[in-house]
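First up is the structure itself, then whatever we jot down about it.
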2 protein chains.
Amino acid sequence: MQAKKQAKRRGGEAGGSGSFTRALSTSQGFRLADCDPRSTPGFDGDKAAGVALMAATVPELGDLQERLYADAIVGGKAAVLLVVQGMDTSGKGGIMRHVVGSVDPQGVRYTAFKAPTREELEHPFLWRIRKALPRPGQIGVFDRSHYEDVLIARVHNLVPPATWGRRYGQINAFEQAVTQTGTTIVKVMLHISSDEQKARLTARLDQPDKHWKYNPADVDEREWWLAYQEAYQGAIEKCSTEHAPWFVVPADRKWYARLAVQQLVVEHLRAMAPQWPAATFDVEAEMERLAAT
Amino acid sequence: MQAKKQAKRRGGEAGGSGSFTRALSTSQGFRLADCDPRSTPGFDGDKAAGVALMAATVPELGDLQERLYADAIVGGKAAVLLVVQGMDTSGKGGIMRHVVGSVDPQGVRYTAFKAPTREELEHPFLWRIRKALPRPGQIGVFDRSHYEDVLIARVHNLVPPATWGRRYGQINAFEQAVTQTGTTIVKVMLHISSDEQKARLTARLDQPDKHWKYNPADVDEREWWLAYQEAYQGAIEKCSTEHAPWFVVPADRKWYARLAVQQLVVEHLRAMAPQWPAATFDVEAEMERLAAT
């Protein structure tokens, strides 16, 4: 219920509450090409200040997550779904390690979506997504998501245009249904520049202990850079809805991208304002029963 | 393969390598009743020293986990399964938050086993367990496990004695098959005293923001304390096998229990010795291809 109220509030006044939520929202007419991947919207501090703010926010994030979890124990339905998308090397792994990794794993449901398996391909594209949704009280995290089905699928013609063209509407209907169950959806695109990707791939080749992260196909994919940018633009335009808006996070500076995603999650949790549930038992009577054991 | 070698080595010389692994192993004749829940086997430092060692070990644990994960990318089969059991308030949640929570969530598969659902009850008791096993490269974590089926099921006669009696052998066969796929199993029982549980339950009642963790049924369960101790003794005796030994961790001191579980995991990973995979491509040629983009 709180989640729905929040979605409405954000819809009402574009961007909603919280400085990162406002600064990173994708209002109508948003152009990915106009977004500078080295900028730091909503934050005018330097790296040291960003790292400090991030560390200082961990306890509040932990507290909010535990309240969300506790609320579900007594029947609350609220949950969070963080969707993380971005080109190779855009820093998804760092978000998982540094932002998601700072949250109690008991309250997190993390799913990495790889190329679909044969079984998954035999089902509608949202089939594997539904199975990975967070339960009440959880923070669900999608490392890639159903958006791959309108990104790589579109760029490489894995399905006919009519098929991926239909998916935007299917995604919007699906996400709306998810928010109606009490889940607040936060969709993040990590936006890096082609030059920064080149530098990061080069760094992987330079370090033997990073070779396992390198795939020669990543270089081939660079030829499709513009097509990917167009596909992202399309997904943001068509699927940044009132109930599940997209946030575009400039990601050439890793410290900023991590801070921004953390703050987006915290700002949404603050707006949900989960409360400690009241005792459903007589505290004094339980004290006595316990003392007698 | 490394996992199997490790399992054999530990089997060969009871306790295997690593000081916590040796100090906490349950060799033949082990009696739970003789294990002091306030003791700190394998560690003679105080709380401050324990906390410091734990913090100092986090980077090595992270490095070992990433190597394990990387190895699976190139076809390695090794994985870890950490099974955590213990009475209510024994500190399972703290292990998840402080030990599991320090590991990159991308490499962890965490599952909390609650009372079985109706669907789960319609299947053999290991059905839901098999579905939660770690894939190669992952550290699987069971917060409670298939052992509940010889613990609460035995104490409260949820199934006839002949049924739970058969399960020890079924568990041993199952765990052996799991280790044969390359998974190293680390089974931990957090061993607290009845007095410490009483103190922890009292503390939950004292703090309104902990009331959600309190369940009046927890007090009723205290009447079955000795029956649970017997059931744990049975599980340890019958299922501490060469391939999947039990470790009993004294848990009245939270700092020690967390340190001990962390060290057990690290010692097992060290013995598995996962290596960074060699590049499967021509590094120089890739550098040139990348530079040309």
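Each chain in the structure tokens gets a letter, A, B, ..., in the order shown, and its residues are numbered from 1; ligands are numbered from 1 in order too.
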Compute the set of chain B residues within 8 Å of chain A, using only C-alpha atoms, and express it as a PDB file with N, CA, C and O atoms, in the first residue's frame.
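Dumped to selection-v9.pdb:
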```
ATOM      1  N   ALA B  70      35.407 -17.437 -10.825  1.00  0.00           N
ATOM      2  CA  ALA B  70      36.096 -17.330 -12.114  1.00  0.00           C
ATOM      3  C   ALA B  70      36.382 -18.710 -12.696  1.00  0.00           C
ATOM      4  O   ALA B  70      36.227 -18.948 -13.894  1.00  0.00           O
ATOM      5  N   ILE B  73      33.597 -20.143 -14.610  1.00  0.00           N
ATOM      6  CA  ILE B  73      33.351 -19.527 -15.917  1.00  0.00           C
ATOM      7  C   ILE B  73      34.027 -20.338 -17.021  1.00  0.00           C
ATOM      8  O   ILE B  73      33.510 -20.464 -18.124  1.00  0.00           O
ATOM      9  N   VAL B  74      35.191 -20.896 -16.691  1.00  0.00           N
ATOM     10  CA  VAL B  74      35.916 -21.675 -17.691  1.00  0.00           C
ATOM     11  C   VAL B  74      35.666 -23.174 -17.524  1.00  0.00           C
ATOM     12  O   VAL B  74      36.445 -23.996 -18.015  1.00  0.00           O
ATOM     13  N   GLY B  93      21.094 -15.680  12.142  1.00  0.00           N
ATOM     14  CA  GLY B  93      20.930 -14.405  11.439  1.00  0.00           C
ATOM     15  C   GLY B  93      22.218 -13.588  11.430  1.00  0.00           C
ATOM     16  O   GLY B  93      22.564 -12.976  10.423  1.00  0.00           O
ATOM     17  N   MET B  96      24.574 -14.871   8.877  1.00  0.00           N
ATOM     18  CA  MET B  96      24.184 -14.444   7.526  1.00  0.00           C
ATOM     19  C   MET B  96      24.610 -12.991   7.297  1.00  0.00           C
ATOM     20  O   MET B  96      25.169 -12.653   6.266  1.00  0.00           O
ATOM     21  N   ARG B  97      24.332 -12.145   8.276  1.00  0.00           N
ATOM     22  CA  ARG B  97      24.625 -10.720   8.136  1.00  0.00           C
ATOM     23  C   ARG B  97      26.134 -10.468   8.094  1.00  0.00           C
ATOM     24  O   ARG B  97      26.625  -9.757   7.225  1.00  0.00           O
ATOM     25  N   VAL B 100      28.268 -14.243   5.762  1.00  0.00           N
ATOM     26  CA  VAL B 100      27.795 -14.353   4.372  1.00  0.00           C
ATOM     27  C   VAL B 100      27.704 -12.960   3.743  1.00  0.00           C
ATOM     28  O   VAL B 100      28.043 -12.755   2.582  1.00  0.00           O
ATOM     29  N   GLY B 101      27.266 -11.971   4.553  1.00  0.00           N
ATOM     30  CA  GLY B 101      27.096 -10.611   4.049  1.00  0.00           C
ATOM     31  C   GLY B 101      28.395  -9.944   3.632  1.00  0.00           C
ATOM     32  O   GLY B 101      28.372  -8.929   2.936  1.00  0.00           O
ATOM     33  N   SER B 102      29.530 -10.505   4.042  1.00  0.00           N
ATOM     34  CA  SER B 102      30.811  -9.899   3.651  1.00  0.00           C
ATOM     35  C   SER B 102      31.291 -10.417   2.296  1.00  0.00           C
ATOM     36  O   SER B 102      32.302  -9.960   1.773  1.00  0.00           O
ATOM     37  N   VAL B 103      30.564 -11.364   1.724  1.00  0.00           N
ATOM     38  CA  VAL B 103      30.948 -11.960   0.442  1.00  0.00           C
ATOM     39  C   VAL B 103      30.135 -11.312  -0.691  1.00  0.00           C
ATOM     40  O   VAL B 103      28.959 -11.001  -0.509  1.00  0.00           O
ATOM     41  N   ASP B 104      30.752 -11.105  -1.826  1.00  0.00           N
ATOM     42  CA  ASP B 104      30.076 -10.562  -3.012  1.00  0.00           C
ATOM     43  C   ASP B 104      28.794 -11.347  -3.300  1.00  0.00           C
ATOM     44  O   ASP B 104      28.841 -12.558  -3.525  1.00  0.00           O
ATOM     45  N   PRO B 105      27.635 -10.670  -3.274  1.00  0.00           N
ATOM     46  CA  PRO B 105      26.371 -11.399  -3.468  1.00  0.00           C
ATOM     47  C   PRO B 105      26.275 -12.117  -4.815  1.00  0.00           C
ATOM     48  O   PRO B 105      25.495 -13.048  -4.960  1.00  0.00           O
ATOM     49  N   GLN B 106      27.064 -11.693  -5.802  1.00  0.00           N
ATOM     50  CA  GLN B 106      27.049 -12.375  -7.091  1.00  0.00           C
ATOM     51  C   GLN B 106      27.518 -13.818  -6.983  1.00  0.00           C
ATOM     52  O   GLN B 106      27.202 -14.641  -7.838  1.00  0.00           O
ATOM     53  N   TYR B 110      21.872 -17.922  -1.375  1.00  0.00           N
ATOM     54  CA  TYR B 110      21.366 -18.020  -0.002  1.00  0.00           C
ATOM     55  C   TYR B 110      19.944 -18.553  -0.001  1.00  0.00           C
ATOM     56  O   TYR B 110      19.101 -18.074  -0.749  1.00  0.00           O
ATOM     57  N   ALA B 112      16.849 -19.682   2.845  1.00  0.00           N
ATOM     58  CA  ALA B 112      16.328 -19.918   4.193  1.00  0.00           C
ATOM     59  C   ALA B 112      15.219 -20.951   4.083  1.00  0.00           C
ATOM     60  O   ALA B 112      14.284 -20.767   3.307  1.00  0.00           O
ATOM     61  N   LYS B 198      17.573 -18.080  26.859  1.00  0.00           N
ATOM     62  CA  LYS B 198      16.620 -17.351  27.711  1.00  0.00           C
ATOM     63  C   LYS B 198      16.998 -15.862  27.731  1.00  0.00           C
ATOM     64  O   LYS B 198      16.131 -14.990  27.588  1.00  0.00           O
ATOM     65  N   LEU B 201      16.100 -14.290  24.321  1.00  0.00           N
ATOM     66  CA  LEU B 201      14.656 -14.101  24.148  1.00  0.00           C
ATOM     67  C   LEU B 201      14.175 -12.933  25.013  1.00  0.00           C
ATOM     68  O   LEU B 201      13.347 -12.121  24.583  1.00  0.00           O
ATOM     69  N   THR B 202      14.712 -12.838  26.228  1.00  0.00           N
ATOM     70  CA  THR B 202      14.351 -11.727  27.115  1.00  0.00           C
ATOM     71  C   THR B 202      14.735 -10.398  26.472  1.00  0.00           C
ATOM     72  O   THR B 202      13.966  -9.430  26.502  1.00  0.00           O
ATOM     73  N   LEU B 205      12.242  -9.322  23.959  1.00  0.00           N
ATOM     74  CA  LEU B 205      11.025  -8.772  24.564  1.00  0.00           C
ATOM     75  C   LEU B 205      11.260  -7.366  25.090  1.00  0.00           C
ATOM     76  O   LEU B 205      10.351  -6.538  25.148  1.00  0.00           O
ATOM     77  N   PRO B 208      11.274  -2.986  21.673  1.00  0.00           N
ATOM     78  CA  PRO B 208      10.126  -2.968  20.737  1.00  0.00           C
ATOM     79  C   PRO B 208      10.533  -3.239  19.284  1.00  0.00           C
ATOM     80  O   PRO B 208       9.782  -3.871  18.543  1.00  0.00           O
ATOM     81  N   ASP B 209      11.734  -2.788  18.870  1.00  0.00           N
ATOM     82  CA  ASP B 209      12.108  -3.039  17.471  1.00  0.00           C
ATOM     83  C   ASP B 209      12.616  -4.463  17.257  1.00  0.00           C
ATOM     84  O   ASP B 209      13.052  -4.820  16.160  1.00  0.00           O
ATOM     85  N   HIS B 211      10.555  -7.007  18.658  1.00  0.00           N
ATOM     86  CA  HIS B 211       9.356  -7.820  18.913  1.00  0.00           C
ATOM     87  C   HIS B 211       8.980  -8.694  17.730  1.00  0.00           C
ATOM     88  O   HIS B 211       8.482  -9.801  17.895  1.00  0.00           O
ATOM     89  N   TRP B 212       9.221  -8.204  16.512  1.00  0.00           N
ATOM     90  CA  TRP B 212       8.852  -8.995  15.333  1.00  0.00           C
ATOM     91  C   TRP B 212       9.653 -10.291  15.250  1.00  0.00           C
ATOM     92  O   TRP B 212       9.240 -11.233  14.576  1.00  0.00           O
ATOM     93  N   LYS B 213      10.794 -10.328  15.936  1.00  0.00           N
ATOM     94  CA  LYS B 213      11.598 -11.562  15.924  1.00  0.00           C
ATOM     95  C   LYS B 213      11.115 -12.566  16.960  1.00  0.00           C
ATOM     96  O   LYS B 213      11.586 -13.697  17.012  1.00  0.00           O
ATOM     97  N   PRO B 216       5.773 -16.363  20.488  1.00  0.00           N
ATOM     98  CA  PRO B 216       5.436 -17.063  21.745  1.00  0.00           C
ATOM     99  C   PRO B 216       5.733 -18.564  21.688  1.00  0.00           C
ATOM    100  O   PRO B 216       6.046 -19.176  22.716  1.00  0.00           O
ATOM    101  N   VAL B 219       8.954 -19.927  23.351  1.00  0.00           N
ATOM    102  CA  VAL B 219       8.995 -20.275  24.778  1.00  0.00           C
ATOM    103  C   VAL B 219       8.519 -21.712  24.969  1.00  0.00           C
ATOM    104  O   VAL B 219       9.117 -22.483  25.724  1.00  0.00           O
ATOM    105  N   ARG B 222      11.048 -24.333  24.403  1.00  0.00           N
ATOM    106  CA  ARG B 222      12.076 -24.535  25.434  1.00  0.00           C
ATOM    107  C   ARG B 222      11.811 -25.788  26.280  1.00  0.00           C
ATOM    108  O   ARG B 222      12.735 -26.369  26.839  1.00  0.00           O
ATOM    109  N   GLU B 223      10.560 -26.201  26.334  1.00  0.00           N
ATOM    110  CA  GLU B 223      10.251 -27.428  27.081  1.00  0.00           C
ATOM    111  C   GLU B 223      10.845 -28.654  26.409  1.00  0.00           C
ATOM    112  O   GLU B 223      10.948 -29.716  27.015  1.00  0.00           O
ATOM    113  N   TRP B 276      43.130 -18.461 -10.666  1.00  0.00           N
ATOM    114  CA  TRP B 276      42.643 -17.626 -11.757  1.00  0.00           C
ATOM    115  C   TRP B 276      42.802 -18.394 -13.051  1.00  0.00           C
ATOM    116  O   TRP B 276      43.880 -18.923 -13.323  1.00  0.00           O
ATOM    117  N   PRO B 277      41.756 -18.486 -13.857  1.00  0.00           N
ATOM    118  CA  PRO B 277      41.882 -19.235 -15.106  1.00  0.00           C
ATOM    119  C   PRO B 277      42.816 -18.506 -16.076  1.00  0.00           C
ATOM    120  O   PRO B 277      42.890 -17.275 -16.085  1.00  0.00           O
ATOM    121  N   ALA B 278      43.520 -19.279 -16.882  1.00  0.00           N
ATOM    122  CA  ALA B 278      44.359 -18.691 -17.933  1.00  0.00           C
ATOM    123  C   ALA B 278      43.449 -18.171 -19.045  1.00  0.00           C
ATOM    124  O   ALA B 278      42.335 -18.656 -19.229  1.00  0.00           O
ATOM    125  N   ALA B 279      43.931 -17.167 -19.774  1.00  0.00           N
ATOM    126  CA  ALA B 279      43.156 -16.611 -20.882  1.00  0.00           C
ATOM    127  C   ALA B 279      42.928 -17.693 -21.933  1.00  0.00           C
ATOM    128  O   ALA B 279      43.821 -18.490 -22.227  1.00  0.00           O
ATOM    129  N   PHE B 281      42.112 -16.841 -24.922  1.00  0.00           N
ATOM    130  CA  PHE B 281      42.227 -16.055 -26.158  1.00  0.00           C
ATOM    131  C   PHE B 281      43.640 -15.489 -26.225  1.00  0.00           C
ATOM    132  O   PHE B 281      44.392 -15.554 -25.235  1.00  0.00           O
ATOM    133  N   VAL B 283      45.938 -12.655 -25.939  1.00  0.00           N
ATOM    134  CA  VAL B 283      45.840 -11.351 -25.289  1.00  0.00           C
ATOM    135  C   VAL B 283      46.340 -10.226 -26.201  1.00  0.00           C
ATOM    136  O   VAL B 283      45.687  -9.187 -26.345  1.00  0.00           O
ATOM    137  N   GLU B 286      43.915  -9.506 -29.012  1.00  0.00           N
ATOM    138  CA  GLU B 286      42.724  -8.816 -28.515  1.00  0.00           C
ATOM    139  C   GLU B 286      43.025  -7.341 -28.249  1.00  0.00           C
ATOM    140  O   GLU B 286      42.198  -6.479 -28.520  1.00  0.00           O
ATOM    141  N   MET B 287      44.207  -7.074 -27.728  1.00  0.00           N
ATOM    142  CA  MET B 287      44.621  -5.679 -27.492  1.00  0.00           C
ATOM    143  C   MET B 287      44.561  -4.892 -28.804  1.00  0.00           C
ATOM    144  O   MET B 287      44.058  -3.768 -28.845  1.00  0.00           O
ATOM    145  N   ARG B 289      42.833  -5.691 -31.577  1.00  0.00           N
ATOM    146  CA  ARG B 289      41.457  -5.587 -32.061  1.00  0.00           C
ATOM    147  C   ARG B 289      40.715  -4.477 -31.324  1.00  0.00           C
ATOM    148  O   ARG B 289      39.987  -3.689 -31.915  1.00  0.00           O
ATOM    149  N   LEU B 290      40.931  -4.443 -30.012  1.00  0.00           N
ATOM    150  CA  LEU B 290      40.245  -3.454 -29.181  1.00  0.00           C
ATOM    151  C   LEU B 290      40.716  -2.040 -29.535  1.00  0.00           C
ATOM    152  O   LEU B 290      39.900  -1.117 -29.674  1.00  0.00           O
ATOM    153  N   ALA B 291      42.031  -1.896 -29.730  1.00  0.00           N
ATOM    154  CA  ALA B 291      42.583  -0.566 -30.041  1.00  0.00           C
ATOM    155  C   ALA B 291      41.994  -0.027 -31.348  1.00  0.00           C
ATOM    156  O   ALA B 291      41.851   1.185 -31.527  1.00  0.00           O
ATOM    157  N   THR B 293      39.008  -0.260 -32.367  1.00  0.00           N
ATOM    158  CA  THR B 293      37.574   0.108 -32.312  1.00  0.00           C
ATOM    159  C   THR B 293      37.388   1.584 -31.960  1.00  0.00           C
ATOM    160  O   THR B 293      38.267   2.199 -31.400  1.00  0.00           O
TER     161      THR B 293
END
```
**OP:** Using only C-alpha atoms, determine which residues lie at most 12 Å from B:Ala227, disregarding the query and same-chain residues fewer than 5 positions distant; provide the list as a PyMOL selection string.
**Re:** chain B and resi 87+150-157+221-222+232-234
Could those selected residues go to a file with all heavy atoms, as an mmCIF file, in the first residue's frame?
```cif
data_model
loop_
_atom_site.group_PDB
_atom_site.id
_atom_site.type_symbol
_atom_site.label_atom_id
_atom_site.label_comp_id
_atom_site.auth_asym_id
_atom_site.auth_seq_id
_atom_site.Cartn_x
_atom_site.Cartn_y
_atom_site.Cartn_z
ATOM 1 N N MET B 87 19.642 -23.894 17.418
ATOM 2 C CA MET B 87 18.375 -23.597 18.089
ATOM 3 C C MET B 87 17.994 -22.143 17.806
ATOM 4 O O MET B 87 18.827 -21.337 17.414
ATOM 5 C CB MET B 87 18.546 -23.786 19.604
ATOM 6 C CG MET B 87 18.947 -25.196 20.028
ATOM 7 S SD MET B 87 17.663 -26.427 19.723
ATOM 8 C CE MET B 87 16.488 -26.025 21.038
ATOM 9 N N VAL B 150 15.262 -34.213 10.516
ATOM 10 C CA VAL B 150 15.616 -35.181 11.572
ATOM 11 C C VAL B 150 15.756 -34.448 12.910
ATOM 12 O O VAL B 150 16.280 -35.017 13.879
ATOM 13 C CB VAL B 150 16.920 -35.962 11.264
ATOM 14 C CG1 VAL B 150 16.694 -36.927 10.102
ATOM 15 C CG2 VAL B 150 18.087 -35.016 10.979
ATOM 16 N N LEU B 151 15.326 -33.193 12.961
ATOM 17 C CA LEU B 151 15.382 -32.431 14.219
ATOM 18 C C LEU B 151 13.945 -32.145 14.689
ATOM 19 O O LEU B 151 13.390 -32.923 15.439
ATOM 20 C CB LEU B 151 16.186 -31.134 14.014
ATOM 21 C CG LEU B 151 17.691 -31.356 13.763
ATOM 22 C CD1 LEU B 151 18.359 -30.093 13.257
ATOM 23 C CD2 LEU B 151 18.373 -31.828 15.048
ATOM 24 N N ILE B 152 13.324 -31.098 14.160
ATOM 25 C CA ILE B 152 11.949 -30.806 14.597
ATOM 26 C C ILE B 152 11.021 -31.965 14.256
ATOM 27 O O ILE B 152 10.124 -32.309 15.028
ATOM 28 C CB ILE B 152 11.442 -29.463 14.001
ATOM 29 C CG1 ILE B 152 10.109 -29.058 14.655
ATOM 30 C CG2 ILE B 152 11.316 -29.511 12.486
ATOM 31 C CD1 ILE B 152 9.643 -27.658 14.299
ATOM 32 N N ALA B 153 11.280 -32.608 13.121
ATOM 33 C CA ALA B 153 10.414 -33.728 12.712
ATOM 34 C C ALA B 153 10.497 -34.875 13.720
ATOM 35 O O ALA B 153 9.499 -35.556 13.992
ATOM 36 C CB ALA B 153 10.813 -34.206 11.317
ATOM 37 N N ARG B 154 11.692 -35.081 14.290
ATOM 38 C CA ARG B 154 11.888 -36.143 15.271
ATOM 39 C C ARG B 154 11.338 -35.740 16.637
ATOM 40 O O ARG B 154 10.624 -36.501 17.295
ATOM 41 C CB ARG B 154 13.398 -36.442 15.366
ATOM 42 C CG ARG B 154 13.813 -37.295 16.538
ATOM 43 C CD ARG B 154 15.290 -37.670 16.438
ATOM 44 N NE ARG B 154 15.783 -38.194 17.703
ATOM 45 C CZ ARG B 154 16.942 -38.834 17.852
ATOM 46 N NH1 ARG B 154 17.749 -39.018 16.806
ATOM 47 N NH2 ARG B 154 17.330 -39.278 19.026
ATOM 48 N N VAL B 155 11.631 -34.500 17.054
ATOM 49 C CA VAL B 155 11.214 -34.040 18.379
ATOM 50 C C VAL B 155 9.693 -34.005 18.494
ATOM 51 O O VAL B 155 9.131 -34.380 19.518
ATOM 52 C CB VAL B 155 11.821 -32.648 18.675
ATOM 53 C CG1 VAL B 155 11.205 -32.025 19.932
ATOM 54 C CG2 VAL B 155 13.344 -32.759 18.803
ATOM 55 N N HIS B 156 9.035 -33.555 17.431
ATOM 56 C CA HIS B 156 7.583 -33.397 17.510
ATOM 57 C C HIS B 156 6.813 -34.494 16.768
ATOM 58 O O HIS B 156 5.626 -34.318 16.475
ATOM 59 C CB HIS B 156 7.178 -32.017 16.993
ATOM 60 C CG HIS B 156 7.584 -30.918 17.933
ATOM 61 N ND1 HIS B 156 7.133 -30.861 19.219
ATOM 62 C CD2 HIS B 156 8.435 -29.862 17.778
ATOM 63 C CE1 HIS B 156 7.673 -29.802 19.832
ATOM 64 N NE2 HIS B 156 8.464 -29.186 18.987
ATOM 65 N N ASN B 157 7.493 -35.573 16.458
ATOM 66 C CA ASN B 157 6.807 -36.705 15.807
ATOM 67 C C ASN B 157 6.016 -36.283 14.581
ATOM 68 O O ASN B 157 4.876 -36.713 14.389
ATOM 69 C CB ASN B 157 5.865 -37.393 16.799
ATOM 70 C CG ASN B 157 6.619 -38.025 17.947
ATOM 71 O OD1 ASN B 157 7.579 -38.767 17.720
ATOM 72 N ND2 ASN B 157 6.218 -37.722 19.163
ATOM 73 N N GLU B 221 8.778 -24.084 22.905
ATOM 74 C CA GLU B 221 9.813 -24.979 22.406
ATOM 75 C C GLU B 221 10.879 -25.260 23.460
ATOM 76 O O GLU B 221 11.560 -26.288 23.397
ATOM 77 C CB GLU B 221 10.481 -24.384 21.153
ATOM 78 C CG GLU B 221 9.670 -24.548 19.880
ATOM 79 C CD GLU B 221 9.551 -25.998 19.438
ATOM 80 O OE1 GLU B 221 8.615 -26.672 19.920
ATOM 81 O OE2 GLU B 221 10.379 -26.452 18.632
ATOM 82 N N ARG B 222 11.048 -24.333 24.403
ATOM 83 C CA ARG B 222 12.076 -24.535 25.434
ATOM 84 C C ARG B 222 11.811 -25.788 26.280
ATOM 85 O O ARG B 222 12.735 -26.369 26.839
ATOM 86 C CB ARG B 222 12.204 -23.290 26.313
ATOM 87 C CG ARG B 222 12.941 -22.156 25.599
ATOM 88 C CD ARG B 222 13.015 -20.881 26.416
ATOM 89 N NE ARG B 222 13.632 -21.006 27.729
ATOM 90 C CZ ARG B 222 14.932 -21.167 27.965
ATOM 91 N NH1 ARG B 222 15.773 -21.230 26.954
ATOM 92 N NH2 ARG B 222 15.379 -21.259 29.192
ATOM 93 N N TYR B 232 20.008 -33.375 17.895
ATOM 94 C CA TYR B 232 21.256 -32.859 17.310
ATOM 95 C C TYR B 232 22.383 -33.871 17.477
ATOM 96 O O TYR B 232 23.159 -34.116 16.553
ATOM 97 C CB TYR B 232 21.654 -31.519 17.958
ATOM 98 C CG TYR B 232 21.100 -30.319 17.218
ATOM 99 C CD1 TYR B 232 20.052 -29.571 17.739
ATOM 100 C CD2 TYR B 232 21.627 -29.947 15.982
ATOM 101 C CE1 TYR B 232 19.524 -28.479 17.048
ATOM 102 C CE2 TYR B 232 21.111 -28.860 15.290
ATOM 103 C CZ TYR B 232 20.069 -28.125 15.821
ATOM 104 O OH TYR B 232 19.564 -27.052 15.130
ATOM 105 N N GLN B 233 22.468 -34.450 18.674
ATOM 106 C CA GLN B 233 23.497 -35.467 18.910
ATOM 107 C C GLN B 233 23.351 -36.593 17.884
ATOM 108 O O GLN B 233 24.343 -37.046 17.299
ATOM 109 C CB GLN B 233 23.363 -36.016 20.336
ATOM 110 C CG GLN B 233 24.279 -37.197 20.646
ATOM 111 C CD GLN B 233 25.749 -36.813 20.750
ATOM 112 O OE1 GLN B 233 26.079 -35.721 21.222
ATOM 113 N NE2 GLN B 233 26.654 -37.678 20.293
ATOM 114 N N GLY B 234 22.126 -37.007 17.630
ATOM 115 C CA GLY B 234 21.876 -38.076 16.662
ATOM 116 C C GLY B 234 22.308 -37.680 15.261
ATOM 117 O O GLY B 234 22.947 -38.457 14.540
#
```
**OP:** Identify all residues of stretch 52-90 of chain A in strand (DSSP E or B) (DSSP on the backbone) and supply them as an NGL selection string.
**Re:** :A and (79-86)
Store the residues of this selection in a file with all heavy atoms, as a compact mmCIF listing (two decimals), in the first residue's frame.
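Output saved as again-v4.txt:
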```txt
# COMPACT_ATOMS: atom_id res chain seq x y z
N ALA A 79 7.57 -4.57 -1.06
CA ALA A 79 8.87 -5.10 -1.48
C ALA A 79 9.49 -4.08 -2.41
O ALA A 79 8.83 -3.11 -2.82
CB ALA A 79 8.69 -6.44 -2.20
N VAL A 80 10.77 -4.30 -2.73
CA VAL A 80 11.47 -3.41 -3.67
C VAL A 80 12.04 -4.29 -4.78
O VAL A 80 12.49 -5.41 -4.51
CB VAL A 80 12.60 -2.63 -2.97
CG1 VAL A 80 13.48 -1.91 -3.98
CG2 VAL A 80 12.03 -1.64 -1.96
N LEU A 81 12.01 -3.79 -6.00
CA LEU A 81 12.69 -4.48 -7.09
C LEU A 81 13.64 -3.48 -7.76
O LEU A 81 13.20 -2.49 -8.34
CB LEU A 81 11.69 -5.02 -8.12
CG LEU A 81 12.34 -5.62 -9.38
CD1 LEU A 81 13.26 -6.79 -9.04
CD2 LEU A 81 11.27 -6.08 -10.37
N LEU A 82 14.93 -3.76 -7.63
CA LEU A 82 15.95 -2.93 -8.27
C LEU A 82 16.39 -3.63 -9.55
O LEU A 82 16.89 -4.75 -9.51
CB LEU A 82 17.15 -2.75 -7.32
CG LEU A 82 18.38 -2.06 -7.91
CD1 LEU A 82 18.09 -0.59 -8.23
CD2 LEU A 82 19.57 -2.16 -6.94
N VAL A 83 16.18 -2.96 -10.68
CA VAL A 83 16.57 -3.51 -11.98
C VAL A 83 17.81 -2.76 -12.45
O VAL A 83 17.80 -1.53 -12.52
CB VAL A 83 15.42 -3.31 -13.01
CG1 VAL A 83 15.87 -3.73 -14.41
CG2 VAL A 83 14.18 -4.08 -12.58
N VAL A 84 18.87 -3.50 -12.74
CA VAL A 84 20.12 -2.84 -13.16
C VAL A 84 20.48 -3.28 -14.58
O VAL A 84 20.67 -4.48 -14.84
CB VAL A 84 21.28 -3.15 -12.20
CG1 VAL A 84 22.55 -2.41 -12.63
CG2 VAL A 84 20.92 -2.76 -10.77
N GLN A 85 20.55 -2.31 -15.46
CA GLN A 85 20.94 -2.57 -16.85
C GLN A 85 22.13 -1.69 -17.22
O GLN A 85 22.37 -0.68 -16.59
CB GLN A 85 19.76 -2.23 -17.78
CG GLN A 85 18.64 -3.25 -17.78
CD GLN A 85 18.97 -4.52 -18.54
OE1 GLN A 85 18.34 -5.54 -18.33
NE2 GLN A 85 19.97 -4.46 -19.39
N GLY A 86 22.84 -2.07 -18.24
CA GLY A 86 23.97 -1.26 -18.70
C GLY A 86 24.82 -2.07 -19.66
O GLY A 86 24.78 -3.31 -19.64
```
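Considering the residues A:Asp34, A:Asp88, A:Glu122, A:Asp46 and counting only C-alpha atoms, A:Leu190 has its shortest atom-to-atom contact with A:Asp88.
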Original post:
Quick one: DSSP alpha helix (DSSP H) residues in stretch 105-185 of chain A, as a PyMOL selection string?
Top reply: chain A and resi 118-121+127-130+152-155+161-180
**OP:** List the neighbours of A:Arg130 out to 12 Å using only C-alpha atoms; skip same-chain residues closer than 3 positions along the sequence, and give me the result as number ranges by chain.
**Re:** A: 81, 111, 120, 123-127, 133-135, 140, 142, 145-146, 171, 174-175, 177-178
Original post:
Between B:Glu267, B:Val159, B:Val141, B:Lys254, which has the minimum distance to B:Glu196 (counting only C-alpha atoms)?
Top reply: B:Lys254
